[in-house]
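> Sharing a structure here in structure tokens format.
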Amino acid sequence: MSPIIESADIVVIGGGPGGSTTATLLAKGGHRVVLLEKETFPRYQIGESLLPSTVHGIGRMLGVTEELEKASFMVKRGGSFRWGTNPVPWNFLFAVAPELSGPTSYAYQVERMKFDDILLRNAAKNGVDVRENSPVTEVIGDDERVRGVRYTDPDGAEHEIRATFVVDASGNRSRVHQNVKGERIYSDFFKNIALFGYFEGGKRLPAPDSGNILCAAFDEGWMWYIPLSDTLTSVGAVISREHAAKLQGDQEEALRGFIDRCDIVKGFLADATRVTEGTYGEIRTRKDYSYTNSTFHRPGMVLVGDAACFIDPVFSTGVHLATYAGLLAARSINSVLAGDITEERAFGEFEGRYRREYRVFYEFLSAFYDMQSNEESYFWKARKVTNFNATDLEAFVSLVGGVHSGEQAFTNAEQLVGEFRESSGALADAVERTGSMETETGDKMHHLFGTPVVREVMAEMNNVQVRGVLGEAAKELPLLENGLVPSADGLAWKEA
């Protein structure tokens, strides 16, 4: 039986935050967008801790700010860390950054089932043709460009959609990304395994930090402790892949064992019980936390979110990178379809900005791991920047510039190690001067934001947030050399 033939301006594969963001902003640009999602929402997904740029920047551009407020998600002022040489937990508060102070100096801890569903339904409200339970079976293309997709609808009928652009936002497990003809490169530096579950009745940090994510280091890795409601908590252990054998047996016993070796989390869970039924009743694992594709686009197709790259979860970057990439992709496609910018120039801006954002987080997280003081543990020894090897350097150069860009930055091993060592030293010193988590925002807390590695990692998030809050009143300078700037409405590119 021949497939049902259709046409659209853009097909977006995947209904998560990256796909929903891209689709909505394209529909706002006046285009016919079909979004294909293989599952039926709401569905479970890991990654519960958001950053302010997603909530107040992307969220405002999408028009979901009020709906997120009504969802009563746990308010998060920042992150609390038992990390580094100081045994006392310390805070990283969003309100310290001038651009994040005031009424938008917070984010949310979210149940992704609810959050992702809000974004997907909002896409439909904005005119996106959302089709759930519709897995893509093939990407259609030729030597010149990608031309569309084939998919199967809920009744089993085959469809073929011809489109000018295909956006792959199908996540880390999909193979659709291979159609951009690039290579997925993994970083040994961040190649970890996460084991996680959910608990009822866990303790909370003292107010006003009770909604913060808690990240606590222990000998074999680190743990996250994310309060999703007054009673429900996501708890995970991030460990080295060398410990994978421990996960082959009783996973609950393994998770309990890691909790027992992390005193602060053990104490918080002293009176808690693990959820054993329903959506949150399963103990889950996730592997290969850090990777990047050698290219994020080809003519007619672009990668967004985990389809393109992912980095270690310690600073809650996953949803930020996905929605930020969705914004960049939508601007590029809107510009090309309007005939204002060539496809090559528009996606050069997309890839340059996307890789830059990944790069600054990579440096920040490398510095963050390097400041942990337990030199005797294999996990922490392996994550010292002085131990960067050729594979790490290859991955780093790839994520900075891509295989085809000719980017030569940081190819010298000593230069790279020196840069990152300087960042980790400045960060560790700032944490020591900041003091304990009881410190309120003020002069002491500005030590963190005075370090170059923190300033740089916050810079583009601040731009996105300002764009969401100020709308067409926002003014942005080029981020890249000879680069483009956003249009007045933020939905496209224009020449500076």
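By order of appearance in the structure tokens: chains A, B, ..., then residues from 1 within every chain, and ligands from 1 in the order shown.
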Return as CSV the residues of range 228-346 of chain A lying at most 7 Å from range 145-159 of chain A, together with the closest atom-to-atom pair for each and the distance in Å to one decimal, counting only C-alpha atoms, with rows in chain order and ascending residue number.

```
residue,atom,partner,partner_atom,distance
A:Pro299,CA,A:Arg145,CA,4.8
A:Gly300,CA,A:Val146,CA,4.7
A:Met301,CA,A:Val146,CA,6.0
```
> For the selection you just gave me, I'd like the residues written to a file as a PDB file, in the first residue's frame, keeping N, CA and C atoms.

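Ended up saving to selection-v2.pdb:
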```
ATOM      1  N   PRO A 299      21.940  20.708   4.767  1.00  0.00           N
ATOM      2  CA  PRO A 299      20.846  21.373   4.065  1.00  0.00           C
ATOM      3  C   PRO A 299      19.518  20.631   4.254  1.00  0.00           C
ATOM      4  N   GLY A 300      18.544  21.350   4.788  1.00  0.00           N
ATOM      5  CA  GLY A 300      17.218  20.776   4.986  1.00  0.00           C
ATOM      6  C   GLY A 300      16.985  20.100   6.312  1.00  0.00           C
ATOM      7  N   MET A 301      18.009  19.998   7.176  1.00  0.00           N
ATOM      8  CA  MET A 301      17.830  19.290   8.444  1.00  0.00           C
ATOM      9  C   MET A 301      18.721  19.881   9.530  1.00  0.00           C
TER      10      MET A 301
END
```
> Which residues, written as a list in words, have at least one atom at most 7 Å from Glu220 in chain A, with only C-alpha atoms counted and residues fewer than 3 positions away on the same chain left out?
Ile239, Ser377 and Phe379 of chain A
> What does the file look like for those residues with N, CA and C atoms, as a PDB file, in the first residue's frame?

```pdb
ATOM      1  N   ILE A 239      27.995   8.086  38.853  1.00  0.00           N
ATOM      2  CA  ILE A 239      29.212   7.338  39.161  1.00  0.00           C
ATOM      3  C   ILE A 239      29.993   7.062  37.883  1.00  0.00           C
ATOM      4  N   SER A 377      40.184   9.228  45.354  1.00  0.00           N
ATOM      5  CA  SER A 377      39.130   8.479  44.692  1.00  0.00           C
ATOM      6  C   SER A 377      39.375   8.402  43.199  1.00  0.00           C
ATOM      7  N   PHE A 379      37.175   8.159  40.858  1.00  0.00           N
ATOM      8  CA  PHE A 379      36.217   9.025  40.153  1.00  0.00           C
ATOM      9  C   PHE A 379      36.759  10.438  40.021  1.00  0.00           C
TER      10      PHE A 379
END
```
> Taking 2 positions as the minimum chain separation for residues in the same chain, which residues sit within 6 Å of Ala217 in chain A when counting only C-alpha atoms? Answer as a list in words.
Trp83, Gly221 and Trp222 of chain A
> Step one, run DSSP on the backbone; step two, keep only residues of range 135-303 of chain A assigned to strand (DSSP E or B); then write them as a VMD selection string.
chain A and resid 136 to 141 146 to 152 158 to 168 184 to 186 192 to 200 213 to 218 221 to 227 232 to 240 273 to 274 284 to 287 291 to 293 297 to 298 301 to 303
> Find the residues near range 475-486 of chain A: any atom within 9 Å, counting only C-alpha atoms, skip ones fewer than 2 places away on the same chain, and give them as a list in words.
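Once the adjacent positions are removed, what remains is Arg331, Arg345, Ala346, Gly348, Glu349, Gly352, Arg353, Arg356, Glu460, Asn463, Arg467, Glu472, Ala473, Ala488, Asp489, Gly490, Leu491, Ala492, Trp493, Lys494, Glu495 and Ala496 of chain A.
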